[in-house]
$ cat run_19.cif   # mmCIF, C-alpha atoms (C1' of nucleotides)
data_input
#
loop_
_atom_site.label_atom_id
_atom_site.label_comp_id
_atom_site.auth_asym_id
_atom_site.auth_seq_id
_atom_site.Cartn_x
_atom_site.Cartn_y
_atom_site.Cartn_z
CA MET A 1 -18.57 -130.23 -51.38
CA ALA A 2 -20.83 -132.31 -53.57
CA ARG A 3 -24.01 -133.36 -51.87
CA PRO A 4 -26.10 -136.32 -53.08
CA GLN A 5 -28.10 -135.35 -56.18
CA LEU A 6 -31.76 -135.83 -55.36
CA ILE A 7 -33.36 -135.26 -58.76
CA ASP A 8 -32.56 -134.80 -62.45
CA ARG A 9 -34.45 -133.57 -65.53
CA GLU A 10 -35.96 -136.98 -66.25
CA ALA A 11 -37.32 -137.26 -62.72
CA VAL A 12 -38.87 -133.79 -63.01
CA LEU A 13 -40.58 -134.70 -66.27
CA ASP A 14 -41.72 -138.06 -64.89
CA ALA A 15 -43.36 -136.36 -61.93
CA ALA A 16 -44.95 -133.64 -64.07
CA LEU A 17 -46.38 -136.15 -66.55
CA ALA A 18 -47.77 -138.29 -63.74
CA ILE A 19 -49.51 -135.28 -62.21
CA ALA A 20 -50.91 -134.19 -65.57
CA ASP A 21 -52.27 -137.68 -66.24
CA GLU A 22 -53.84 -137.94 -62.81
CA HIS A 23 -55.21 -134.44 -62.28
CA GLY A 24 -54.94 -132.54 -65.55
CA LEU A 25 -52.55 -129.94 -66.88
CA GLY A 26 -53.88 -127.31 -64.48
CA ALA A 27 -52.55 -129.34 -61.56
CA VAL A 28 -49.01 -129.20 -62.92
CA THR A 29 -47.52 -126.43 -60.81
CA MET A 30 -43.89 -126.12 -59.83
CA ARG A 31 -44.96 -126.70 -56.24
CA ALA A 32 -46.91 -129.86 -57.04
CA VAL A 33 -44.05 -131.31 -59.08
CA ALA A 34 -41.56 -130.50 -56.33
CA ASP A 35 -43.79 -131.98 -53.64
CA ARG A 36 -44.07 -135.24 -55.53
CA LEU A 37 -40.26 -135.38 -55.68
CA GLN A 38 -39.93 -134.52 -51.96
CA VAL A 39 -38.01 -131.38 -52.81
CA THR A 40 -38.66 -127.63 -52.66
CA GLN A 41 -39.97 -125.81 -55.72
CA MET A 42 -36.74 -123.88 -56.24
CA ALA A 43 -34.76 -127.08 -56.73
CA LEU A 44 -36.54 -127.63 -60.05
CA TYR A 45 -34.94 -124.60 -61.67
CA ARG A 46 -31.56 -126.31 -61.79
CA HIS A 47 -32.97 -129.01 -64.10
CA VAL A 48 -35.55 -127.04 -66.05
CA ALA A 49 -35.16 -123.46 -67.30
CA ASN A 50 -38.71 -122.47 -66.35
CA LYS A 51 -42.26 -123.75 -66.62
CA ALA A 52 -42.43 -123.33 -70.40
CA ASP A 53 -39.33 -125.51 -70.72
CA LEU A 54 -40.94 -128.11 -68.48
CA LEU A 55 -44.03 -128.19 -70.73
CA ASP A 56 -41.82 -128.51 -73.81
CA GLY A 57 -40.25 -131.51 -72.10
CA LEU A 58 -43.66 -133.09 -71.62
CA VAL A 59 -44.48 -132.68 -75.31
CA GLU A 60 -41.20 -134.36 -76.21
CA ARG A 61 -42.19 -137.24 -73.97
CA LEU A 62 -45.41 -137.72 -75.95
CA LEU A 63 -43.58 -137.59 -79.28
CA CYS A 64 -41.27 -140.36 -78.01
CA GLU A 65 -44.26 -142.62 -77.49
CA LEU A 66 -45.44 -142.46 -81.11
CA PRO A 67 -44.81 -145.66 -83.06
CA ALA A 68 -42.18 -145.83 -85.82
CA PRO A 69 -43.43 -148.56 -88.16
CA GLU A 70 -40.97 -150.39 -90.40
CA ALA A 71 -40.51 -148.66 -93.75
CA ALA A 72 -40.79 -152.11 -95.38
CA LEU A 73 -44.49 -152.32 -94.49
CA ALA A 74 -47.20 -151.25 -96.91
CA TRP A 75 -47.64 -147.47 -96.89
CA ASP A 76 -51.25 -147.59 -95.72
CA VAL A 77 -50.32 -149.93 -92.87
CA GLN A 78 -47.61 -147.47 -91.81
CA LEU A 79 -50.06 -144.57 -91.83
CA ARG A 80 -52.75 -146.52 -89.99
CA THR A 81 -50.24 -147.57 -87.33
CA MET A 82 -49.06 -144.01 -86.80
CA ALA A 83 -52.61 -142.64 -86.71
CA GLN A 84 -53.63 -145.27 -84.19
CA GLY A 85 -50.53 -144.45 -82.14
CA VAL A 86 -51.48 -140.79 -82.04
CA ARG A 87 -54.91 -141.70 -80.68
CA THR A 88 -53.46 -144.05 -78.11
CA THR A 89 -51.09 -141.36 -76.85
CA ALA A 90 -53.92 -138.83 -76.75
CA LYS A 91 -55.98 -141.15 -74.59
CA ARG A 92 -53.06 -141.99 -72.33
CA HIS A 93 -52.16 -138.31 -71.76
CA PRO A 94 -55.31 -136.26 -72.43
CA GLY A 95 -54.10 -133.38 -70.30
CA VAL A 96 -50.83 -132.84 -72.12
CA PHE A 97 -51.84 -133.88 -75.62
CA PRO A 98 -53.50 -130.61 -76.71
CA LEU A 99 -50.12 -128.92 -76.36
CA LEU A 100 -49.03 -130.79 -79.49
CA LEU A 101 -51.34 -128.61 -81.57
CA GLN A 102 -49.75 -125.36 -80.49
CA LEU A 103 -46.14 -126.34 -80.81
CA PRO A 104 -43.98 -125.01 -83.63
CA ALA A 105 -43.00 -128.65 -84.11
CA ASN A 106 -39.48 -127.75 -85.12
CA THR A 107 -37.73 -130.01 -82.64
CA PRO A 108 -35.72 -133.00 -83.94
CA LEU A 109 -38.29 -135.42 -82.54
CA ALA A 110 -41.22 -133.64 -84.20
CA ARG A 111 -39.35 -133.53 -87.48
CA GLY A 112 -38.73 -137.26 -87.18
CA VAL A 113 -42.43 -138.01 -86.94
CA ARG A 114 -43.16 -135.75 -89.89
CA ASP A 115 -40.47 -137.41 -91.98
CA ARG A 116 -41.96 -140.85 -91.34
CA VAL A 117 -45.36 -139.68 -92.59
CA ARG A 118 -43.77 -138.07 -95.65
CA ALA A 119 -41.85 -141.23 -96.47
CA ALA A 120 -45.05 -143.28 -96.37
CA LEU A 121 -46.75 -140.77 -98.67
CA VAL A 122 -43.89 -141.01 -101.16
CA GLN A 123 -44.26 -144.78 -101.08
CA ALA A 124 -47.95 -144.30 -101.75
CA GLY A 125 -47.04 -142.61 -105.01
CA VAL A 126 -47.80 -139.00 -104.05
CA PRO A 127 -45.69 -136.75 -106.32
CA HIS A 128 -42.87 -135.00 -104.49
CA GLU A 129 -44.20 -131.50 -104.99
CA ARG A 130 -47.46 -132.44 -103.23
CA VAL A 131 -46.01 -134.44 -100.34
CA THR A 132 -45.53 -131.45 -98.05
CA SER A 133 -49.10 -130.30 -98.24
CA ALA A 134 -50.46 -133.86 -98.12
CA GLU A 135 -48.51 -134.47 -94.91
CA ARG A 136 -49.90 -131.32 -93.33
CA LEU A 137 -53.41 -132.33 -94.32
CA VAL A 138 -53.16 -135.84 -92.89
CA SER A 139 -51.40 -134.74 -89.69
CA THR A 140 -53.83 -131.91 -89.06
CA ALA A 141 -56.82 -134.18 -89.50
CA VAL A 142 -55.49 -136.92 -87.22
CA LEU A 143 -54.25 -134.43 -84.62
CA GLY A 144 -57.57 -132.58 -84.70
CA PHE A 145 -59.52 -135.77 -84.14
CA ALA A 146 -57.26 -137.01 -81.34
CA THR A 147 -57.29 -133.60 -79.63
CA SER A 148 -61.08 -133.48 -79.78
CA GLU A 149 -61.16 -136.91 -78.22
CA ALA A 150 -58.65 -135.94 -75.51
CA LEU A 151 -60.47 -132.72 -74.63
CA GLY A 152 -63.77 -134.54 -74.30
CA ARG A 153 -65.55 -133.05 -77.29
CA PHE A 154 -66.88 -136.56 -78.03
CA ARG A 155 -68.09 -136.95 -74.49
CA GLY A 156 -71.32 -138.92 -74.47
CA LEU A 157 -70.37 -141.13 -77.42
CA SER A 158 -69.53 -144.77 -76.92
CA ARG A 159 -66.06 -146.04 -77.70
CA ALA A 160 -67.53 -147.98 -80.62
CA GLU A 161 -69.05 -144.85 -82.14
CA ILE A 162 -65.80 -142.90 -81.85
CA ASP A 163 -63.86 -145.80 -83.35
CA ARG A 164 -66.29 -145.93 -86.26
CA ASP A 165 -65.88 -142.18 -86.82
CA PHE A 166 -62.13 -142.56 -86.80
CA THR A 167 -62.29 -145.39 -89.32
CA LEU A 168 -64.41 -143.17 -91.55
CA LEU A 169 -61.88 -140.36 -91.28
CA GLN A 170 -59.04 -142.75 -92.15
CA GLN A 171 -60.92 -144.02 -95.19
CA MET A 172 -61.48 -140.49 -96.41
CA LEU A 173 -57.83 -139.61 -95.94
CA LEU A 174 -56.61 -142.77 -97.68
CA ALA A 175 -58.99 -142.12 -100.57
CA GLY A 176 -57.73 -138.54 -100.75
CA ILE A 177 -54.12 -139.71 -100.84
CA GLU A 178 -54.87 -142.16 -103.64
CA GLY A 179 -56.44 -139.28 -105.55
CA LEU A 180 -53.10 -137.43 -105.39
CA ARG A 181 -51.10 -140.24 -107.01
CA HIS A 182 -49.50 -139.65 -110.38
CA MET B 1 -79.50 -95.82 -52.89
CA ALA B 2 -78.83 -96.89 -56.46
CA ARG B 3 -75.54 -95.63 -57.79
CA PRO B 4 -74.82 -95.31 -61.52
CA GLN B 5 -74.08 -98.70 -63.07
CA LEU B 6 -70.59 -98.55 -64.53
CA ILE B 7 -70.41 -101.89 -66.33
CA ASP B 8 -72.51 -104.87 -67.41
CA ARG B 9 -71.80 -108.39 -68.70
CA GLU B 10 -71.48 -107.27 -72.30
CA ALA B 11 -68.91 -104.63 -71.39
CA VAL B 12 -66.91 -107.22 -69.44
CA LEU B 13 -66.89 -109.61 -72.40
CA ASP B 14 -66.04 -106.79 -74.83
CA ALA B 15 -63.03 -105.83 -72.75
CA ALA B 16 -61.89 -109.43 -72.27
CA LEU B 17 -62.15 -110.19 -75.99
CA ALA B 18 -60.24 -107.04 -76.90
CA ILE B 19 -57.43 -107.97 -74.51
CA ALA B 20 -57.31 -111.54 -75.83
CA ASP B 21 -57.13 -110.30 -79.43
CA GLU B 22 -54.39 -107.82 -78.63
CA HIS B 23 -52.21 -109.72 -76.18
CA GLY B 24 -53.34 -113.34 -76.15
CA LEU B 25 -55.46 -115.40 -73.79
CA GLY B 26 -52.76 -115.34 -71.13
CA ALA B 27 -53.21 -111.60 -70.78
CA VAL B 28 -56.88 -112.00 -69.89
CA THR B 29 -56.76 -111.65 -66.12
CA MET B 30 -59.52 -110.30 -63.95
CA ARG B 31 -57.26 -107.37 -63.13
CA ALA B 32 -56.52 -106.55 -66.76
CA VAL B 33 -60.19 -106.70 -67.70
CA ALA B 34 -61.14 -104.51 -64.75
CA ASP B 35 -58.37 -102.00 -65.53
CA ARG B 36 -59.59 -101.60 -69.09
CA LEU B 37 -63.06 -100.86 -67.73
CA GLN B 38 -61.69 -98.39 -65.15
CA VAL B 39 -63.07 -100.48 -62.33
CA THR B 40 -61.64 -102.69 -59.59
CA GLN B 41 -61.30 -106.43 -60.16
CA MET B 42 -63.95 -107.27 -57.63
CA ALA B 43 -66.60 -105.37 -59.53
CA LEU B 44 -66.47 -108.02 -62.28
CA TYR B 45 -67.88 -110.72 -60.03
CA ARG B 46 -71.29 -109.10 -60.07
CA HIS B 47 -71.55 -109.64 -63.84
CA VAL B 48 -69.63 -112.86 -64.28
CA ALA B 49 -69.71 -115.84 -61.92
CA ASN B 50 -65.95 -116.44 -62.13
CA LYS B 51 -63.19 -116.64 -64.67
CA ALA B 52 -64.45 -119.89 -66.23
CA ASP B 53 -67.80 -118.20 -66.82
CA LEU B 54 -66.02 -115.28 -68.44
CA LEU B 55 -64.20 -117.63 -70.82
CA ASP B 56 -67.48 -119.37 -71.65
CA GLY B 57 -68.84 -115.95 -72.55
CA LEU B 58 -65.95 -115.39 -74.93
CA VAL B 59 -66.62 -118.67 -76.69
CA GLU B 60 -70.26 -117.69 -77.12
CA ARG B 61 -69.09 -114.46 -78.70
CA LEU B 62 -67.14 -116.41 -81.30
CA LEU B 63 -70.07 -118.69 -82.05
CA CYS B 64 -72.20 -115.60 -82.69
CA GLU B 65 -69.81 -114.51 -85.42
CA LEU B 66 -70.19 -117.67 -87.48
CA PRO B 67 -72.25 -117.20 -90.65
CA ALA B 68 -75.72 -118.69 -91.02
CA PRO B 69 -76.13 -119.19 -94.77
CA GLU B 70 -79.62 -119.36 -96.30
CA ALA B 71 -81.01 -122.89 -96.36
CA ALA B 72 -82.16 -122.21 -99.93
CA LEU B 73 -78.55 -122.16 -101.16
CA ALA B 74 -76.89 -125.29 -102.56
CA TRP B 75 -75.69 -127.58 -99.76
CA ASP B 76 -72.04 -127.35 -100.76
CA VAL B 77 -72.21 -123.56 -100.87
CA GLN B 78 -73.67 -123.58 -97.36
CA LEU B 79 -70.86 -125.82 -96.08
CA ARG B 80 -68.15 -123.82 -97.81
CA THR B 81 -69.54 -120.59 -96.38
CA MET B 82 -69.61 -121.99 -92.86
CA ALA B 83 -66.12 -123.47 -93.17
CA GLN B 84 -64.75 -120.19 -94.44
CA GLY B 85 -66.52 -118.40 -91.59
CA VAL B 86 -64.85 -120.67 -89.05
CA ARG B 87 -61.45 -119.82 -90.49
CA THR B 88 -62.20 -116.10 -90.53
CA THR B 89 -63.22 -116.19 -86.88
CA ALA B 90 -60.12 -118.20 -85.99
CA LYS B 91 -57.91 -115.60 -87.61
CA ARG B 92 -59.76 -112.72 -86.01
CA HIS B 93 -59.57 -114.23 -82.51
CA PRO B 94 -56.59 -116.62 -82.50
CA GLY B 95 -56.20 -116.38 -78.74
CA VAL B 96 -59.72 -117.43 -77.87
CA PHE B 97 -60.46 -119.77 -80.75
CA PRO B 98 -58.72 -122.90 -79.39
CA LEU B 99 -61.21 -122.89 -76.53
CA LEU B 100 -63.84 -124.02 -79.03
CA LEU B 101 -62.15 -127.41 -79.25
CA GLN B 102 -62.42 -128.13 -75.54
CA LEU B 103 -65.97 -127.00 -75.03
CA PRO B 104 -68.77 -129.50 -74.41
CA ALA B 105 -70.61 -127.56 -77.11
CA ASN B 106 -73.95 -128.15 -75.46
CA THR B 107 -75.00 -124.53 -75.34
CA PRO B 108 -77.94 -123.37 -77.49
CA LEU B 109 -75.62 -121.40 -79.77
CA ALA B 110 -73.29 -124.36 -80.35
CA ARG B 111 -76.28 -126.58 -81.06
CA GLY B 112 -77.50 -124.03 -83.58
CA VAL B 113 -74.26 -124.20 -85.54
CA ARG B 114 -74.33 -127.99 -85.46
CA ASP B 115 -77.93 -128.06 -86.67
CA ARG B 116 -77.07 -125.88 -89.67
CA VAL B 117 -74.30 -128.27 -90.71
CA ARG B 118 -76.61 -131.25 -90.25
CA ALA B 119 -79.33 -129.65 -92.34
CA ALA B 120 -76.87 -129.05 -95.19
CA LEU B 121 -75.75 -132.69 -95.00
CA VAL B 122 -79.35 -133.88 -95.20
CA GLN B 123 -79.81 -131.70 -98.28
CA ALA B 124 -76.67 -133.30 -99.70
CA GLY B 125 -78.43 -136.64 -99.55
CA VAL B 126 -76.61 -138.17 -96.58
CA PRO B 127 -78.93 -140.80 -95.05
CA HIS B 128 -80.32 -139.79 -91.67
CA GLU B 129 -78.57 -142.52 -89.71
CA ARG B 130 -75.19 -141.27 -90.92
CA VAL B 131 -75.74 -137.52 -90.54
CA THR B 132 -74.60 -137.38 -86.92
CA SER B 133 -71.25 -138.97 -87.55
CA ALA B 134 -70.75 -137.09 -90.83
CA GLU B 135 -71.34 -133.80 -89.02
CA ARG B 136 -68.77 -134.69 -86.36
CA LEU B 137 -66.26 -135.63 -89.03
CA VAL B 138 -66.66 -132.41 -91.00
CA SER B 139 -66.71 -130.18 -87.92
CA THR B 140 -63.68 -131.85 -86.38
CA ALA B 141 -61.67 -131.51 -89.60
CA VAL B 142 -62.53 -127.84 -90.10
CA LEU B 143 -62.05 -126.99 -86.43
CA GLY B 144 -58.74 -128.86 -86.35
CA PHE B 145 -57.47 -126.96 -89.38
CA ALA B 146 -58.61 -123.57 -88.10
CA THR B 147 -57.16 -124.24 -84.64
CA SER B 148 -53.81 -125.24 -86.14
CA GLU B 149 -53.85 -122.03 -88.12
CA ALA B 150 -54.77 -119.94 -85.07
CA LEU B 151 -52.12 -121.54 -82.88
CA GLY B 152 -49.43 -120.90 -85.45
CA ARG B 153 -48.74 -124.49 -86.46
CA PHE B 154 -48.63 -123.30 -90.08
CA ARG B 155 -46.17 -120.55 -89.21
CA GLY B 156 -43.75 -120.07 -92.06
CA LEU B 157 -46.25 -120.90 -94.76
CA SER B 158 -47.58 -118.22 -97.06
CA ARG B 159 -51.25 -117.33 -97.02
CA ALA B 160 -51.54 -118.79 -100.52
CA GLU B 161 -50.14 -122.15 -99.38
CA ILE B 162 -52.48 -122.35 -96.42
CA ASP B 163 -55.42 -121.42 -98.61
CA ARG B 164 -54.49 -124.15 -101.07
CA ASP B 165 -54.26 -126.68 -98.25
CA PHE B 166 -57.66 -125.64 -97.00
CA THR B 167 -59.15 -126.00 -100.49
CA LEU B 168 -57.68 -129.49 -100.65
CA LEU B 169 -59.24 -130.37 -97.30
CA GLN B 170 -62.60 -129.06 -98.44
CA GLN B 171 -62.45 -131.09 -101.63
CA MET B 172 -61.69 -134.22 -99.67
CA LEU B 173 -64.56 -133.58 -97.28
CA LEU B 174 -67.02 -132.86 -100.07
CA ALA B 175 -65.93 -136.01 -101.89
CA GLY B 176 -66.34 -137.97 -98.68
CA ILE B 177 -69.84 -136.59 -98.17
CA GLU B 178 -70.82 -137.51 -101.70
CA GLY B 179 -69.60 -141.02 -100.99
CA LEU B 180 -72.09 -141.26 -98.13
CA ARG B 181 -75.11 -140.45 -100.29
CA HIS B 182 -77.75 -143.09 -100.79
"C1'" DA C 1 -78.05 -102.56 -56.40
"C1'" DC C 2 -73.50 -101.93 -57.44
"C1'" DC C 3 -68.75 -101.00 -56.39
"C1'" DT C 4 -64.58 -100.96 -53.16
"C1'" DG C 5 -60.88 -102.15 -49.34
"C1'" DA C 6 -58.78 -105.47 -47.12
"C1'" DA C 7 -57.51 -110.03 -46.90
"C1'" DC C 8 -56.48 -114.95 -48.28
"C1'" DA C 9 -54.41 -118.83 -50.56
"C1'" DC C 10 -52.05 -119.66 -54.56
"C1'" DC C 11 -48.77 -119.06 -58.53
"C1'" DG C 12 -43.83 -118.54 -61.10
"C1'" DT C 13 -39.35 -116.80 -60.33
"C1'" DT C 14 -34.92 -114.68 -58.22
"C1'" DC C 15 -31.02 -114.67 -55.39
"C1'" DA C 16 -28.13 -114.99 -51.65
"C1'" DA C 17 -27.05 -118.46 -48.37
"C1'" DG C 18 -26.11 -123.12 -46.73
"C1'" DT C 19 -23.87 -127.95 -47.31
"C1'" DA D 1 -22.70 -128.73 -57.60
"C1'" DC D 2 -27.05 -128.93 -55.78
"C1'" DC D 3 -30.68 -127.65 -52.66
"C1'" DT D 4 -33.08 -124.26 -49.42
"C1'" DG D 5 -35.10 -119.78 -47.09
"C1'" DA D 6 -36.74 -115.66 -47.75
"C1'" DA D 7 -38.74 -112.52 -50.71
"C1'" DC D 8 -41.25 -110.49 -54.81
"C1'" DA D 9 -44.87 -109.55 -58.08
"C1'" DC D 10 -48.77 -111.68 -59.67
"C1'" DC D 11 -53.14 -114.46 -59.78
"C1'" DG D 12 -58.44 -115.72 -58.61
"C1'" DT D 13 -61.73 -115.20 -55.09
"C1'" DT D 14 -64.34 -113.88 -50.58
"C1'" DC D 15 -66.73 -110.84 -47.68
"C1'" DA D 16 -67.86 -107.10 -45.03
"C1'" DA D 17 -68.28 -102.28 -45.72
"C1'" DG D 18 -69.49 -98.06 -48.19
"C1'" DT D 19 -72.78 -95.22 -51.33
#
$ encode --input "run_19.cif" --output "structure tokens"
Amino acid sequence: MARPQLIDREAVLDAALAIADEHGLGAVTMRAVADRLQVTQMALYRHVANKADLLDGLVERLLCELPAPEAALAWDVQLRTMAQGVRTTAKRHPGVFPLLLQLPANTPLARGVRDRVRAALVQAGVPHERVTSAERLVSTAVLGFATSEALGRFRGLSRAEIDRDFTLLQQMLLAGIEGLRH
Amino acid sequence: MARPQLIDREAVLDAALAIADEHGLGAVTMRAVADRLQVTQMALYRHVANKADLLDGLVERLLCELPAPEAALAWDVQLRTMAQGVRTTAKRHPGVFPLLLQLPANTPLARGVRDRVRAALVQAGVPHERVTSAERLVSTAVLGFATSEALGRFRGLSRAEIDRDFTLLQQMLLAGIEGLRH
DNA sequence: ACCTGAACACCGTTCAAGT
DNA sequence: ACCTGAACACCGTTCAAGT
């Protein structure tokens, strides 16, 4: 006999993300997630393979939040928008964000983000054979900055100082990209 | 009555680092460290305040490994040497290295590294009021790249490709630094 | 002074059982 | 089909006790 379904995968991820945002990644235990859903820990395993799968789900959630600027916009506007979006997500979910750095990034969603960056670089005039490495360079730099910010490595600096640093980084990257044009 | 001292802080850190290098940070448990030292877990607490303190000790160990190039060398040689040293350490200790990104970096050793980078930037002709932010920019970029490498985000790329990417990053950073000169 | 035994609260995970 | 109870192996940490 079917009994009323109390939770589903989305609800599990919602609860886990809320806990991570409020109390950090360390507070995300199967028990804590279950408690928030008014359910026992074991109930989670029907909707999530294990804890690693749950964390993968959280990363996917962050990737969903990243902006997808119109391809009709100027290439540098597209890149700036995406870079700013990465920072915004990092600040909104500082506990989960660092996981982005250690992911293989082979999921459809991660590939989608990468393809958007590559497309903007092609529009910028970067020759095709250099696009792959240029994308890695830009993504690594932006991800590294945002992760540092999320993990508190810039603790003690004012928001204005961090913003100025980020602008400087963007200028360097844009100048570097222009140097790759044919 | 004094009994023979079986272990000390250095031995604890040696064992923990060896385990992390061999089996990853997740394998570094108080039990595993104690087992390797032929001692019970509880014995560790006399030499290490708790697990967080142990991890701090590991980070210090990595900072010790970073090269300290002669100040008489050309500024760009100094920076290249330090950047290469960061990468070497990241590859030698991929399990522990990511911890560098989340550390407050206010320990004497971390300050020492930062001061060496700052000194090289001053030699490069970066005006004093911009040295602080330039140092953060350079360090964040290099640390972000090395962390990505350590965490396997470049998995699937050949060593030659990664090296080329890193050279590209260095060139961009050096160009950016030259742009800051007065 | 340094190490150990016993104990505690916590963690992820499994599996048979209930509805 | 979905959730629960009971159980397991593991974790960090404490404290009194032994030498």
$ interface_residues --input "run_19.cif" --of "chain D" --to "chain A" --cutoff "7 Å" --atoms "all atoms listed in the file" --output "list in words"
DA1, DC2 and DC3 of chain D
$ resolve_selection --input "run_19.cif" --expression "the PyMOL selection byres ((chain B) within 10 of (chain A))" --output "count of residues only"
46
$ atom_distance --input "run_19.cif" --atom1 "atom C1' of C:DA6" --atom2 "atom CA of B:Met30"
17.5 Å
$ residues_near_point --input "run_19.cif" --point "(-68.7, -103.3, -46.3)" --cutoff "12 Å" --atoms "all atoms listed in the file" --output "ChimeraX atom specification"
/C:3-6 /D:15-19
$ resolve_selection --input "run_19.cif" --expression "the PyMOL selection byres ((chain A and resi 62) around 9)" --output "short mmCIF file (atom, residue, chain, number, x, y, z; two decimals) with C-alpha atoms, keeping the file's coordinate frame"
data_model
loop_
_atom_site.label_atom_id
_atom_site.label_comp_id
_atom_site.auth_asym_id
_atom_site.auth_seq_id
_atom_site.Cartn_x
_atom_site.Cartn_y
_atom_site.Cartn_z
CA GLY A 57 -40.25 -131.51 -72.10
CA LEU A 58 -43.66 -133.09 -71.62
CA VAL A 59 -44.48 -132.68 -75.31
CA GLU A 60 -41.20 -134.36 -76.21
CA ARG A 61 -42.19 -137.24 -73.97
CA LEU A 63 -43.58 -137.59 -79.28
CA CYS A 64 -41.27 -140.36 -78.01
CA GLU A 65 -44.26 -142.62 -77.49
CA LEU A 66 -45.44 -142.46 -81.11
CA THR A 89 -51.09 -141.36 -76.85
CA ALA A 90 -53.92 -138.83 -76.75
CA HIS A 93 -52.16 -138.31 -71.76
CA VAL A 96 -50.83 -132.84 -72.12
CA PHE A 97 -51.84 -133.88 -75.62
CA LEU A 100 -49.03 -130.79 -79.49
#
$ resolve_selection --input "run_19.cif" --expression "the PyMOL selection byres ((chain D and resi 11) around 7)" --output "compact mmCIF listing (two decimals) with C-alpha atoms (C1' of nucleotides), keeping the file's coordinate frame"
# COMPACT_ATOMS: atom_id res chain seq x y z
C1' DC C 11 -48.77 -119.06 -58.53
C1' DC D 10 -48.77 -111.68 -59.67
C1' DG D 12 -58.44 -115.72 -58.61
$ residues_around --input "run_19.cif" --residues "B:Leu25" --least-positions-apart "4" --cutoff "9 Å" --atoms "only C-alpha atoms (C1' of nucleotides)" --output "list in words"
Ala16, Leu17, Ile19, Ala20, Asp21, Thr29, Pro94, Gly95 and Val96 of chain B
$ axis_aligned_box --input "run_19.cif" --around "stretch 9-19 of chain C" --padding-each-side "3 Å" --output "lines of an AutoDock Vina configuration file"
center_x = -39.1
center_y = -121.3
center_z = -53.9
size_x = 36.5
size_y = 19.3
size_z = 20.4
$ residues_around --input "run_19.cif" --residues "B:Arg130" --least-positions-apart "4" --cutoff "10 Å" --atoms "only C-alpha atoms (C1' of nucleotides)" --output "ChimeraX atom specification"
/B:121-122,126,134-135,180-181
$ atom_distance --input "run_19.cif" --atom1 "atom CA of B:Val113" --atom2 "atom CA of B:Val86"
10.6 Å
$ atom_distance --input "run_19.cif" --atom1 "atom CA of A:Asp115" --atom2 "atom CA of A:Ala72"
15.1 Å
